[in-house]
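S.K.: Below: one structure in structure tokens.
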Amino acid sequence: MEQQIVFRIKQQRFAVPISAADKINQLENVTQMPDVSEYVMGVMDVEGRVLPVIDLPNRLFNDVLENAGEAQVLIVNWKTSRIGLAVDEVMAVQSFDAEQVDQESDKVSVIDDSASPVSAFIRTEDGIVLALDINQLFEEKGDLELQALLEPEREAAAVSGDHEQ
Amino acid sequence: MGKTKSNESFLSRFKKRHRKKGRKPQKNQKSLSRIIFPALLALMLVPVFVLAVASYTQTTYLLRERIEEQQQQITRNVVNSIANAGTGAESSLNRMINDGRLVHFNQNEDNSSVQIDIMDRFTYSLSGNQYFADVYFGAASGDIVGTKAGINDADYNPHEQPWYKGALDAKGEIHWSEPTKDPITNEVTVTASKLLVSQREDQGVMALDIDLDALTRELQDAEIARTGSLMIVSDDGVVQMAQKPELIGTNISDSDLFQGTDGESGYVKDKVVNNGEHGIYYETIGDMGLTVYGMVMEDEMHTEQRTLLLQSLFIGVVWTLIALFVAWVLSKAILSMTASFQNAFAQAQAGDLTVRLTAKELFRSPIEGVNKWRKQKFSKNAEETEEKQLDPTGHELHQIALSFNHTMQTFHDTVGGISERSEALLEHTATMADSSLQTTRATEEVTETIAGVAQATNTQTQDTEETAEKMSQLSDSVDEIEANGQQMGVYADSTIVANGENAEAIQEVNENWQRTIQTLQELKGEIQVVDADIQNIEHILQVIKGISSQTNLLALNASIEAARAGDAGRGFAVVASEIRKLAEKSAQSSKDIDDIIRGIQHKSASMVQTLEKTDEESDVQTAKINDALESSGKVSTEVEKLVDSILAVTRSSVLIRERKDEVMAALENISASAQENAASTEEVSANAEEIMATMEEFQSSIDEMKRVAEELEESVNQFNLKETEAEEELPAESTEESLAVTGNIQ
């Protein structure tokens, strides 16, 4: 398995592939947006580009960040663009054995028939790390919403010719 | 009950009378004739009888008296005669004794001439008095001269004779001898003799014989009534003279007659003589020693008595016959009167109130002849015969009959009235029945109410008792309170003392405390200094932390870039990872320092807090100490108040006790009242019961009354009232009672 970026929300650890990650920043200068989903914290300027910031605790657990001042934003590749996931702390770059991994691709979310963002369970000494599939984070509606937010940005990206994932 | 009974009995009596249709005289019925007849008879006979008896008795008595008087008279006559004789004898004697010739006779032997003279004298004096028998003189010498026969006999010694001796004894007084019978002449004589003394010598004794026989003849001539006789008895009891020859010479000294003589004169009863029938009159001639008895035989009055008896008998018989006849006639007449009244009444009793008496009815003589005569006499007024009016001014019978008629009229009207009223009565009884029912109900309610009251009173009594008990308990409590109060007083005293000590102690504490506060304040200042230092460290630490975290972040980003670079970045990745590790360590260390600082800060903060707290607490403490001081002051005040209160309590408890006594008294009153109430309610209850009972009786009385009223109506209806004619009549005595007796049921 490729290296994972491990972060935590509260005490729960999550993992995303390092290839998915772009950068890690401190959570600051988030501009709030009106008429957005609750888990959309707003937008932030990252290297000249405006990215939506997702309140991951909210999205996953309907919870809140531990400390907004010390929270970190994990900028990840999403669709053809990038979004920021606000988390409590990015902990480490880690690699796990294949044995530790329990695939989740077959399981379906109980609530609304959509696919679970959790793609696998990684067993560690310190507990289970949930492997997140970022592309499965949002529903269709949520995807559209984010895309709408990213539209002008994508055009700008097309214009400036940044590299794609 | 009594009223009912009397009503009942009255009604039953009334009914009984009413039911007898006509009163036939019962077999054993008493009749006035039994009374009238004997009464009249007695009335007529008794006086006559009484009169006869009285007259008989009276006559007998008078006769007896007359006889006795006659006895007395005759006897007295005889006595007088005798006495006269005696007196005459004495005077003769006295006269003759003064004759000197007697002396001469005595003294001289030869005295034949004197003797003749004396004899002449003697003879002369004898002739003067029929009673004188003999006169003679016995001289002291022994001679004797006189008319008495046998004195000149040789064997007759004058000096031996009692008349001589007696005269000598009499010493000049006249001596009377006992009646003696002369043996020669058989004459009974009494001799009066007197001693002649002359020249102081006894010359002799002059004697005069009184011829008792002459007296006897006189006596014999005397007649006392029819069977009367006289008797002369001498002092020795010998009958000297008597009209009954067989008595002469007998000695009756043993008889009642003789022994009963007491005194000069009088009456004596003797059974032998006349069976004590008549008193025998006696008179004594004391001088002569004689007693004259005049007596009558027991059958003296027999003739008169018999005559009287016969007369009375005759009159009695005749009168009795007359009386019988008259009595019979009268009683019959009365009975006929009463019969007619009875008749009328009987008819009225039978129910015929129209019966009236007429004059014709009033009087029916038992003797038919009289009736016929009357009829004849009155038949002249033929038209009126049948309806003879009663005369309002007539005699008592008329008046009675008129009254009867009037009464019947009144009764007739009354009964008519009763009939009407009995109806009204029935109505009234109905009303009364209602009323009594209501009363009964009301009384029942009263009874219930009273029961309730009794209950309440009972409860009240119970409550009162409970209250009394509670009062008692209260009293006990009050006592306890008092005791406690005293105890409290003791405690209060010790409290005050303790309080005082307390106040001192607190004061000390306060002073110590103030010192402590001072120290703490200093401590607080120093801590704050330390705190400031720590803040500095904190700042620095923050910077370090920031750097380390940023470093970490960079390291991560570097890892990411390294990953993106692939193989070429592997070395970089390792470096990045080392950097991260360092950063982590740094972070860790700073974290540790942070922790320590935190710890210190914490501690100092807590110390400050503590100090602050202490400050607060010290303020509090101070306040509390002040409070304590205040409190102790208050305690003191309060304890004093308490003591006052305790005293007040003690006083109150006394008052309470007094009140309690009053309350107890009041309770007793209540209890008594309750008992009275109870008694009263019992009384009321009893009264209500009585009322109920009375009402029941009343009810039954009403029922009775109703029954009575009905019976009354029934009874009234049984009467025969001639309505129309009754209404025409006016109820006054002067009314023409013209109704004849009609429709007799009898």
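Chain labels follow the order of the structure tokens: the first chain is A, the next B, and so on; residue numbering restarts at 1 in every chain, and ligands are counted from 1 in their shown order.
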Distance limit 8 Å, atoms considered: only C-alpha atoms. Which chain B residues sit that close to chain A? Return them as an MDAnalysis selection string.

M.R.: chainID B and resid 553 556:557 559:561 563:564

S.K.: Using only all heavy atoms, please write the residues we just selected to a file, as a PDB file, in the first residue's frame.

M.R.:
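Wrote it out as again.pdb, contents follow:
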```pdb
ATOM      1  N   LEU B 553       4.746  20.981  10.053  1.00  0.00           N
ATOM      2  CA  LEU B 553       3.923  21.131   8.867  1.00  0.00           C
ATOM      3  C   LEU B 553       4.776  21.099   7.625  1.00  0.00           C
ATOM      4  O   LEU B 553       4.425  20.469   6.605  1.00  0.00           O
ATOM      5  CB  LEU B 553       3.171  22.479   8.976  1.00  0.00           C
ATOM      6  CG  LEU B 553       1.840  22.535   8.240  1.00  0.00           C
ATOM      7  CD1 LEU B 553       0.878  21.508   8.810  1.00  0.00           C
ATOM      8  CD2 LEU B 553       1.231  23.919   8.407  1.00  0.00           C
ATOM      9  N   LEU B 556       5.886  17.738   6.812  1.00  0.00           N
ATOM     10  CA  LEU B 556       4.793  16.959   6.189  1.00  0.00           C
ATOM     11  C   LEU B 556       4.670  17.331   4.724  1.00  0.00           C
ATOM     12  O   LEU B 556       4.570  16.460   3.853  1.00  0.00           O
ATOM     13  CB  LEU B 556       3.469  17.234   6.908  1.00  0.00           C
ATOM     14  CG  LEU B 556       3.261  16.456   8.236  1.00  0.00           C
ATOM     15  CD1 LEU B 556       2.054  17.003   8.978  1.00  0.00           C
ATOM     16  CD2 LEU B 556       3.097  14.978   7.947  1.00  0.00           C
ATOM     17  N   ASN B 557       4.622  18.654   4.539  1.00  0.00           N
ATOM     18  CA  ASN B 557       4.521  19.087   3.154  1.00  0.00           C
ATOM     19  C   ASN B 557       5.676  18.534   2.364  1.00  0.00           C
ATOM     20  O   ASN B 557       5.498  18.118   1.189  1.00  0.00           O
ATOM     21  CB  ASN B 557       4.490  20.621   3.081  1.00  0.00           C
ATOM     22  CG  ASN B 557       3.092  21.137   3.433  1.00  0.00           C
ATOM     23  OD1 ASN B 557       2.102  20.480   3.119  1.00  0.00           O
ATOM     24  ND2 ASN B 557       3.013  22.283   4.073  1.00  0.00           N
ATOM     25  N   SER B 559       7.285  15.865   2.905  1.00  0.00           N
ATOM     26  CA  SER B 559       7.035  14.437   2.659  1.00  0.00           C
ATOM     27  C   SER B 559       6.126  14.265   1.463  1.00  0.00           C
ATOM     28  O   SER B 559       6.353  13.396   0.591  1.00  0.00           O
ATOM     29  CB  SER B 559       6.375  13.804   3.866  1.00  0.00           C
ATOM     30  OG  SER B 559       7.224  13.777   4.970  1.00  0.00           O
ATOM     31  N   ILE B 560       5.173  15.133   1.444  1.00  0.00           N
ATOM     32  CA  ILE B 560       4.205  15.037   0.349  1.00  0.00           C
ATOM     33  C   ILE B 560       4.904  15.307  -0.977  1.00  0.00           C
ATOM     34  O   ILE B 560       4.722  14.569  -1.969  1.00  0.00           O
ATOM     35  CB  ILE B 560       3.041  16.018   0.536  1.00  0.00           C
ATOM     36  CG1 ILE B 560       2.199  15.595   1.756  1.00  0.00           C
ATOM     37  CG2 ILE B 560       2.187  16.094  -0.725  1.00  0.00           C
ATOM     38  CD1 ILE B 560       1.184  16.619   2.173  1.00  0.00           C
ATOM     39  N   GLU B 561       5.680  16.402  -0.993  1.00  0.00           N
ATOM     40  CA  GLU B 561       6.401  16.728  -2.203  1.00  0.00           C
ATOM     41  C   GLU B 561       7.358  15.591  -2.579  1.00  0.00           C
ATOM     42  O   GLU B 561       7.484  15.247  -3.761  1.00  0.00           O
ATOM     43  CB  GLU B 561       7.206  18.022  -2.018  1.00  0.00           C
ATOM     44  CG  GLU B 561       6.357  19.270  -1.855  1.00  0.00           C
ATOM     45  CD  GLU B 561       5.481  19.557  -3.090  1.00  0.00           C
ATOM     46  OE1 GLU B 561       5.839  19.191  -4.227  1.00  0.00           O
ATOM     47  OE2 GLU B 561       4.352  20.114  -2.888  1.00  0.00           O
ATOM     48  N   ALA B 563       7.061  12.509  -1.884  1.00  0.00           N
ATOM     49  CA  ALA B 563       6.291  11.399  -2.452  1.00  0.00           C
ATOM     50  C   ALA B 563       5.960  11.666  -3.908  1.00  0.00           C
ATOM     51  O   ALA B 563       6.004  10.770  -4.757  1.00  0.00           O
ATOM     52  CB  ALA B 563       5.030  11.203  -1.612  1.00  0.00           C
ATOM     53  N   ARG B 564       5.583  12.972  -4.085  1.00  0.00           N
ATOM     54  CA  ARG B 564       5.245  13.338  -5.465  1.00  0.00           C
ATOM     55  C   ARG B 564       6.453  13.218  -6.389  1.00  0.00           C
ATOM     56  O   ARG B 564       6.307  12.861  -7.577  1.00  0.00           O
ATOM     57  CB  ARG B 564       4.737  14.799  -5.470  1.00  0.00           C
ATOM     58  CG  ARG B 564       3.492  14.893  -6.349  1.00  0.00           C
ATOM     59  CD  ARG B 564       2.958  16.304  -6.406  1.00  0.00           C
ATOM     60  NE  ARG B 564       1.897  16.441  -5.454  1.00  0.00           N
ATOM     61  CZ  ARG B 564       1.776  17.513  -4.688  1.00  0.00           C
ATOM     62  NH1 ARG B 564       2.609  18.551  -4.768  1.00  0.00           N
ATOM     63  NH2 ARG B 564       0.791  17.555  -3.835  1.00  0.00           N
TER      64      ARG B 564
END
```

S.K.: What's around segment 131-137 of chain A at 8 Å? Count only C-alpha atoms, leave out sequence neighbours fewer than 4 positions away in its own chain, and write the answer as number ranges by chain.

M.R.: A: 14-16, 78-79, 115-122

S.K.: Can you tell me, as a ChimeraX atom specification, what residues are no more than 9 Å from Val87 of chain A when counting only C-alpha atoms, ignoring any on the same chain fewer than 4 positions away?

M.R.: /A:7-10,27,54-57,65-66,71-74

S.K.: Please write the residues from the selection above to a file, keeping all heavy atoms, as a compact mmCIF listing (two decimals), in the first residue's frame.

M.R.:
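For reference, out08.txt as written:
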```txt
# COMPACT_ATOMS: atom_id res chain seq x y z
N PHE A 7 -4.32 11.62 9.48
CA PHE A 7 -4.79 12.77 10.28
C PHE A 7 -5.87 12.28 11.22
O PHE A 7 -6.41 11.19 11.08
CB PHE A 7 -5.31 13.91 9.38
CG PHE A 7 -6.48 13.51 8.53
CD1 PHE A 7 -7.79 13.59 8.97
CD2 PHE A 7 -6.26 13.02 7.22
CE1 PHE A 7 -8.85 13.22 8.16
CE2 PHE A 7 -7.33 12.67 6.42
CZ PHE A 7 -8.64 12.75 6.86
N ARG A 8 -6.16 13.17 12.11
CA ARG A 8 -7.20 12.74 13.08
C ARG A 8 -8.28 13.79 13.19
O ARG A 8 -8.07 14.99 13.06
CB ARG A 8 -6.57 12.46 14.44
CG ARG A 8 -6.07 13.68 15.16
CD ARG A 8 -5.66 13.34 16.60
NE ARG A 8 -5.15 14.56 17.23
CZ ARG A 8 -5.94 15.48 17.82
NH1 ARG A 8 -7.24 15.30 17.88
NH2 ARG A 8 -5.38 16.58 18.31
N ILE A 9 -9.40 13.27 13.46
CA ILE A 9 -10.53 14.10 13.90
C ILE A 9 -10.92 13.59 15.27
O ILE A 9 -11.30 12.43 15.41
CB ILE A 9 -11.71 13.99 12.93
CG1 ILE A 9 -11.30 14.55 11.58
CG2 ILE A 9 -12.93 14.71 13.48
CD1 ILE A 9 -12.33 14.36 10.49
N LYS A 10 -10.79 14.51 16.19
CA LYS A 10 -10.91 14.09 17.60
C LYS A 10 -9.90 12.97 17.82
O LYS A 10 -8.73 13.17 17.65
CB LYS A 10 -12.35 13.66 17.92
CG LYS A 10 -13.35 14.81 17.95
CD LYS A 10 -13.19 15.67 19.22
CE LYS A 10 -13.86 17.05 19.08
NZ LYS A 10 -15.22 17.09 18.70
N LEU A 27 -5.19 26.20 9.44
CA LEU A 27 -6.53 26.71 9.15
C LEU A 27 -6.58 28.18 9.52
O LEU A 27 -6.58 28.55 10.71
CB LEU A 27 -7.58 25.92 9.96
CG LEU A 27 -9.02 26.38 9.72
CD1 LEU A 27 -9.44 26.06 8.28
CD2 LEU A 27 -9.98 25.70 10.68
N ILE A 54 -13.68 22.23 3.66
CA ILE A 54 -14.72 21.34 4.20
C ILE A 54 -14.45 21.07 5.68
O ILE A 54 -13.32 20.72 6.03
CB ILE A 54 -14.75 20.00 3.46
CG1 ILE A 54 -14.86 20.20 1.96
CG2 ILE A 54 -15.89 19.12 4.01
CD1 ILE A 54 -16.15 20.89 1.51
N ASP A 55 -15.47 21.28 6.42
CA ASP A 55 -15.39 20.93 7.87
C ASP A 55 -15.61 19.42 7.99
O ASP A 55 -16.75 18.95 7.99
CB ASP A 55 -16.45 21.72 8.63
CG ASP A 55 -16.30 21.53 10.14
OD1 ASP A 55 -15.60 20.58 10.59
OD2 ASP A 55 -16.90 22.34 10.90
N LEU A 56 -14.50 18.67 8.03
CA LEU A 56 -14.63 17.22 7.97
C LEU A 56 -15.32 16.60 9.19
O LEU A 56 -16.16 15.71 9.03
CB LEU A 56 -13.24 16.59 7.76
CG LEU A 56 -13.25 15.20 7.06
CD1 LEU A 56 -14.00 15.29 5.73
CD2 LEU A 56 -11.84 14.72 6.81
N PRO A 57 -15.02 17.10 10.36
CA PRO A 57 -15.76 16.55 11.51
C PRO A 57 -17.26 16.69 11.34
O PRO A 57 -18.03 15.81 11.67
CB PRO A 57 -15.25 17.39 12.69
CG PRO A 57 -13.94 17.90 12.29
CD PRO A 57 -13.94 18.08 10.80
N LEU A 65 -14.66 20.95 15.02
CA LEU A 65 -13.21 20.88 15.21
C LEU A 65 -12.89 21.12 16.67
O LEU A 65 -13.58 21.87 17.35
CB LEU A 65 -12.50 21.93 14.35
CG LEU A 65 -12.56 21.68 12.86
CD1 LEU A 65 -12.19 22.95 12.09
CD2 LEU A 65 -11.63 20.52 12.48
N GLU A 66 -11.83 20.52 17.10
CA GLU A 66 -11.40 20.70 18.48
C GLU A 66 -11.07 22.14 18.74
O GLU A 66 -11.56 22.78 19.67
CB GLU A 66 -10.17 19.86 18.79
CG GLU A 66 -10.47 18.42 19.11
CD GLU A 66 -9.19 17.61 19.35
OE1 GLU A 66 -8.10 18.18 19.18
OE2 GLU A 66 -9.29 16.44 19.73
N ALA A 71 -6.40 24.03 14.11
CA ALA A 71 -6.77 23.04 13.10
C ALA A 71 -5.95 23.20 11.83
O ALA A 71 -5.47 24.30 11.52
CB ALA A 71 -8.26 23.20 12.78
N GLN A 72 -5.79 22.13 11.18
CA GLN A 72 -5.00 22.15 9.93
C GLN A 72 -5.90 21.80 8.79
O GLN A 72 -6.86 21.05 8.94
CB GLN A 72 -3.84 21.16 10.07
CG GLN A 72 -2.83 21.63 11.10
CD GLN A 72 -1.86 20.54 11.49
OE1 GLN A 72 -2.11 19.36 11.31
NE2 GLN A 72 -0.72 20.93 12.02
N VAL A 73 -5.50 22.35 7.65
CA VAL A 73 -6.26 22.05 6.44
C VAL A 73 -5.45 21.15 5.54
O VAL A 73 -4.32 21.49 5.14
CB VAL A 73 -6.63 23.35 5.68
CG1 VAL A 73 -7.40 23.02 4.40
CG2 VAL A 73 -7.43 24.26 6.57
N LEU A 74 -5.99 20.03 5.22
CA LEU A 74 -5.31 19.10 4.28
C LEU A 74 -5.91 19.32 2.90
O LEU A 74 -7.09 19.04 2.66
CB LEU A 74 -5.54 17.64 4.75
CG LEU A 74 -4.97 16.55 3.84
CD1 LEU A 74 -3.45 16.68 3.77
CD2 LEU A 74 -5.33 15.16 4.36
```

S.K.: Determine the nearest neighbour of Val446 of chain B from the options B:Ile67, B:Ala503, B:Leu309, B:Met692, counting only C-alpha atoms.

M.R.: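 That would be B:Met692, the residue with the smallest distance to Val446 of chain B.
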
S.K.: Rank A:Val129, A:Val64, A:Met44, A:Leu150 by their smallest atom-to-atom distance to Val101 of chain A, using only C-alpha atoms, and report the top residue only.

M.R.: A:Val129

S.K.: Rounded to one decimal in Å, what is the spacing between atom CA of Ile82 of chain B and atom CA of Asn251 of chain B?

M.R.: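 We find that atom CA of Ile82 of chain B and atom CA of Asn251 of chain B lie 20.9 Å from each other.
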
S.K.: Which residues come within 8 Å of segment 44-54 of chain B, counting only C-alpha atoms, excluding same-chain residues fewer than 5 positions away, as a PyMOL selection string?

M.R.: chain B and resi 312+316+319-320+323

S.K.: As an exercise, work out the distance from atom CA of Glu696 of chain B to atom CA of Val684 of chain B in Å and give it to one decimal place.

M.R.: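 One can read the atom CA of Glu696 of chain B to atom CA of Val684 of chain B distance as 17.3 Å.
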
S.K.: If you measure from atom CA of Asp117 of chain B to atom CA of Trp163 of chain B, what distance in Å do you get, rounded to one decimal?

M.R.: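 Atom CA of Trp163 of chain B lies at a distance of 22.8 Å from atom CA of Asp117 of chain B.
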
S.K.: Quick one: residues within 12 Å of Ser680 of chain B, only C-alpha atoms, excluding same-chain residues fewer than 5 positions away - as a list in words?

M.R.: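 Here the qualifying residues turn out to be Ile450, Ala451, Val453, Ala454, Thr457, Ala672, Ser673, Ala674, Gln675, Ser685, Ala686, Asn687 and Ala688 of chain B.
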
S.K.: Quick check for you: according to DSSP on this backbone, which residues of chain A are classed as strand (DSSP E or B)? Reply as a ChimeraX atom specification.

M.R.: /A:4-9,12-17,21-26,31,40-46,49-55,72-78,81-87,89-94,101-103,108,115,118-124,127-132

S.K.: In terms of the shortest atom-to-atom distance over only C-alpha atoms, which of B:Val145, B:Ile625, B:Leu308, B:Leu212 is closest to Gln58 of chain B?

M.R.: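 With only C-alpha atoms as the atom set, the closest residue is B:Leu308.
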
S.K.: Which residue is closest to Ser618 of chain B? Choose from B:Leu520, B:Val574, B:Ala344, B:Ile691 and count only C-alpha atoms.

M.R.: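 That would be B:Leu520, the residue with the smallest distance to Ser618 of chain B.
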
S.K.: Show me, as a PDB file with N, CA, C and O atoms, in the first residue's frame, the residues that have an atom within 12 Å of Ala468 of chain B when counting only C-alpha atoms, minus same-chain residues fewer than 2 positions from it.

M.R.:
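Resulting contents of around-v2.pdb:
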```
ATOM      1  N   GLN B 460     -70.918  16.661  73.111  1.00  0.00           N
ATOM      2  CA  GLN B 460     -70.417  17.819  73.846  1.00  0.00           C
ATOM      3  C   GLN B 460     -69.831  17.372  75.180  1.00  0.00           C
ATOM      4  O   GLN B 460     -68.756  17.827  75.577  1.00  0.00           O
ATOM      5  N   THR B 461     -70.556  16.493  75.805  1.00  0.00           N
ATOM      6  CA  THR B 461     -70.068  16.001  77.094  1.00  0.00           C
ATOM      7  C   THR B 461     -68.733  15.309  76.914  1.00  0.00           C
ATOM      8  O   THR B 461     -67.792  15.538  77.669  1.00  0.00           O
ATOM      9  N   GLN B 462     -68.726  14.443  75.888  1.00  0.00           N
ATOM     10  CA  GLN B 462     -67.472  13.757  75.645  1.00  0.00           C
ATOM     11  C   GLN B 462     -66.364  14.747  75.388  1.00  0.00           C
ATOM     12  O   GLN B 462     -65.271  14.651  75.934  1.00  0.00           O
ATOM     13  N   ASP B 463     -66.684  15.705  74.477  1.00  0.00           N
ATOM     14  CA  ASP B 463     -65.685  16.714  74.144  1.00  0.00           C
ATOM     15  C   ASP B 463     -65.233  17.435  75.402  1.00  0.00           C
ATOM     16  O   ASP B 463     -64.042  17.714  75.574  1.00  0.00           O
ATOM     17  N   THR B 464     -66.215  17.751  76.206  1.00  0.00           N
ATOM     18  CA  THR B 464     -65.882  18.463  77.432  1.00  0.00           C
ATOM     19  C   THR B 464     -64.932  17.638  78.283  1.00  0.00           C
ATOM     20  O   THR B 464     -63.972  18.166  78.848  1.00  0.00           O
ATOM     21  N   GLU B 465     -65.251  16.356  78.359  1.00  0.00           N
ATOM     22  CA  GLU B 465     -64.375  15.502  79.152  1.00  0.00           C
ATOM     23  C   GLU B 465     -62.988  15.483  78.556  1.00  0.00           C
ATOM     24  O   GLU B 465     -61.985  15.573  79.274  1.00  0.00           O
ATOM     25  N   GLU B 466     -62.991  15.323  77.214  1.00  0.00           N
ATOM     26  CA  GLU B 466     -61.687  15.338  76.556  1.00  0.00           C
ATOM     27  C   GLU B 466     -60.959  16.623  76.855  1.00  0.00           C
ATOM     28  O   GLU B 466     -59.761  16.628  77.159  1.00  0.00           O
ATOM     29  N   LYS B 470     -57.549  17.301  78.516  1.00  0.00           N
ATOM     30  CA  LYS B 470     -56.492  18.065  77.864  1.00  0.00           C
ATOM     31  C   LYS B 470     -56.045  19.208  78.737  1.00  0.00           C
ATOM     32  O   LYS B 470     -54.856  19.546  78.796  1.00  0.00           O
ATOM     33  N   MET B 471     -57.018  19.836  79.386  1.00  0.00           N
ATOM     34  CA  MET B 471     -56.658  20.906  80.289  1.00  0.00           C
ATOM     35  C   MET B 471     -55.735  20.378  81.371  1.00  0.00           C
ATOM     36  O   MET B 471     -54.772  21.028  81.782  1.00  0.00           O
ATOM     37  N   SER B 472     -56.080  19.186  81.797  1.00  0.00           N
ATOM     38  CA  SER B 472     -55.249  18.567  82.819  1.00  0.00           C
ATOM     39  C   SER B 472     -53.854  18.373  82.284  1.00  0.00           C
ATOM     40  O   SER B 472     -52.841  18.696  82.937  1.00  0.00           O
ATOM     41  N   GLN B 473     -53.854  17.817  81.061  1.00  0.00           N
ATOM     42  CA  GLN B 473     -52.551  17.615  80.443  1.00  0.00           C
ATOM     43  C   GLN B 473     -51.827  18.943  80.305  1.00  0.00           C
ATOM     44  O   GLN B 473     -50.618  19.049  80.526  1.00  0.00           O
ATOM     45  N   LEU B 474     -52.637  19.942  79.876  1.00  0.00           N
ATOM     46  CA  LEU B 474     -52.059  21.271  79.710  1.00  0.00           C
ATOM     47  C   LEU B 474     -51.420  21.716  81.016  1.00  0.00           C
ATOM     48  O   LEU B 474     -50.314  22.248  81.036  1.00  0.00           O
ATOM     49  N   SER B 475     -52.157  21.472  82.067  1.00  0.00           N
ATOM     50  CA  SER B 475     -51.642  21.854  83.376  1.00  0.00           C
ATOM     51  C   SER B 475     -50.308  21.180  83.625  1.00  0.00           C
ATOM     52  O   SER B 475     -49.346  21.817  84.060  1.00  0.00           O
ATOM     53  N   LYS B 660     -56.596  27.908  83.602  1.00  0.00           N
ATOM     54  CA  LYS B 660     -56.982  26.498  83.472  1.00  0.00           C
ATOM     55  C   LYS B 660     -58.036  26.151  84.489  1.00  0.00           C
ATOM     56  O   LYS B 660     -59.017  25.483  84.191  1.00  0.00           O
ATOM     57  N   ASP B 661     -57.837  26.663  85.712  1.00  0.00           N
ATOM     58  CA  ASP B 661     -58.846  26.395  86.735  1.00  0.00           C
ATOM     59  C   ASP B 661     -60.182  26.962  86.314  1.00  0.00           C
ATOM     60  O   ASP B 661     -61.220  26.312  86.449  1.00  0.00           O
ATOM     61  N   GLU B 662     -60.093  28.226  85.800  1.00  0.00           N
ATOM     62  CA  GLU B 662     -61.352  28.812  85.333  1.00  0.00           C
ATOM     63  C   GLU B 662     -61.991  27.971  84.253  1.00  0.00           C
ATOM     64  O   GLU B 662     -63.185  27.719  84.248  1.00  0.00           O
ATOM     65  N   VAL B 663     -61.069  27.564  83.334  1.00  0.00           N
ATOM     66  CA  VAL B 663     -61.595  26.748  82.238  1.00  0.00           C
ATOM     67  C   VAL B 663     -62.224  25.477  82.777  1.00  0.00           C
ATOM     68  O   VAL B 663     -63.279  25.062  82.331  1.00  0.00           O
ATOM     69  N   MET B 664     -61.512  24.887  83.738  1.00  0.00           N
ATOM     70  CA  MET B 664     -62.056  23.655  84.311  1.00  0.00           C
ATOM     71  C   MET B 664     -63.424  23.913  84.892  1.00  0.00           C
ATOM     72  O   MET B 664     -64.351  23.141  84.706  1.00  0.00           O
ATOM     73  N   ALA B 665     -63.498  25.050  85.622  1.00  0.00           N
ATOM     74  CA  ALA B 665     -64.799  25.396  86.201  1.00  0.00           C
ATOM     75  C   ALA B 665     -65.825  25.557  85.092  1.00  0.00           C
ATOM     76  O   ALA B 665     -66.926  25.024  85.173  1.00  0.00           O
ATOM     77  N   ALA B 666     -65.381  26.307  84.066  1.00  0.00           N
ATOM     78  CA  ALA B 666     -66.297  26.518  82.941  1.00  0.00           C
ATOM     79  C   ALA B 666     -66.688  25.192  82.311  1.00  0.00           C
ATOM     80  O   ALA B 666     -67.842  24.969  81.959  1.00  0.00           O
ATOM     81  N   LEU B 667     -65.673  24.331  82.211  1.00  0.00           N
ATOM     82  CA  LEU B 667     -65.961  23.019  81.635  1.00  0.00           C
ATOM     83  C   LEU B 667     -66.973  22.266  82.467  1.00  0.00           C
ATOM     84  O   LEU B 667     -67.859  21.619  81.949  1.00  0.00           O
ATOM     85  N   GLU B 668     -66.739  22.401  83.784  1.00  0.00           N
ATOM     86  CA  GLU B 668     -67.711  21.719  84.644  1.00  0.00           C
ATOM     87  C   GLU B 668     -69.089  22.293  84.416  1.00  0.00           C
ATOM     88  O   GLU B 668     -70.073  21.565  84.371  1.00  0.00           O
ATOM     89  N   ASN B 669     -69.097  23.639  84.320  1.00  0.00           N
ATOM     90  CA  ASN B 669     -70.391  24.264  84.011  1.00  0.00           C
ATOM     91  C   ASN B 669     -70.976  23.705  82.732  1.00  0.00           C
ATOM     92  O   ASN B 669     -72.143  23.365  82.666  1.00  0.00           O
ATOM     93  N   ILE B 670     -70.056  23.673  81.734  1.00  0.00           N
ATOM     94  CA  ILE B 670     -70.525  23.148  80.449  1.00  0.00           C
ATOM     95  C   ILE B 670     -71.026  21.722  80.631  1.00  0.00           C
ATOM     96  O   ILE B 670     -72.064  21.350  80.114  1.00  0.00           O
ATOM     97  N   SER B 671     -70.165  20.994  81.401  1.00  0.00           N
ATOM     98  CA  SER B 671     -70.556  19.605  81.622  1.00  0.00           C
ATOM     99  C   SER B 671     -71.893  19.540  82.299  1.00  0.00           C
ATOM    100  O   SER B 671     -72.756  18.785  81.906  1.00  0.00           O
TER     101      SER B 671
END
```
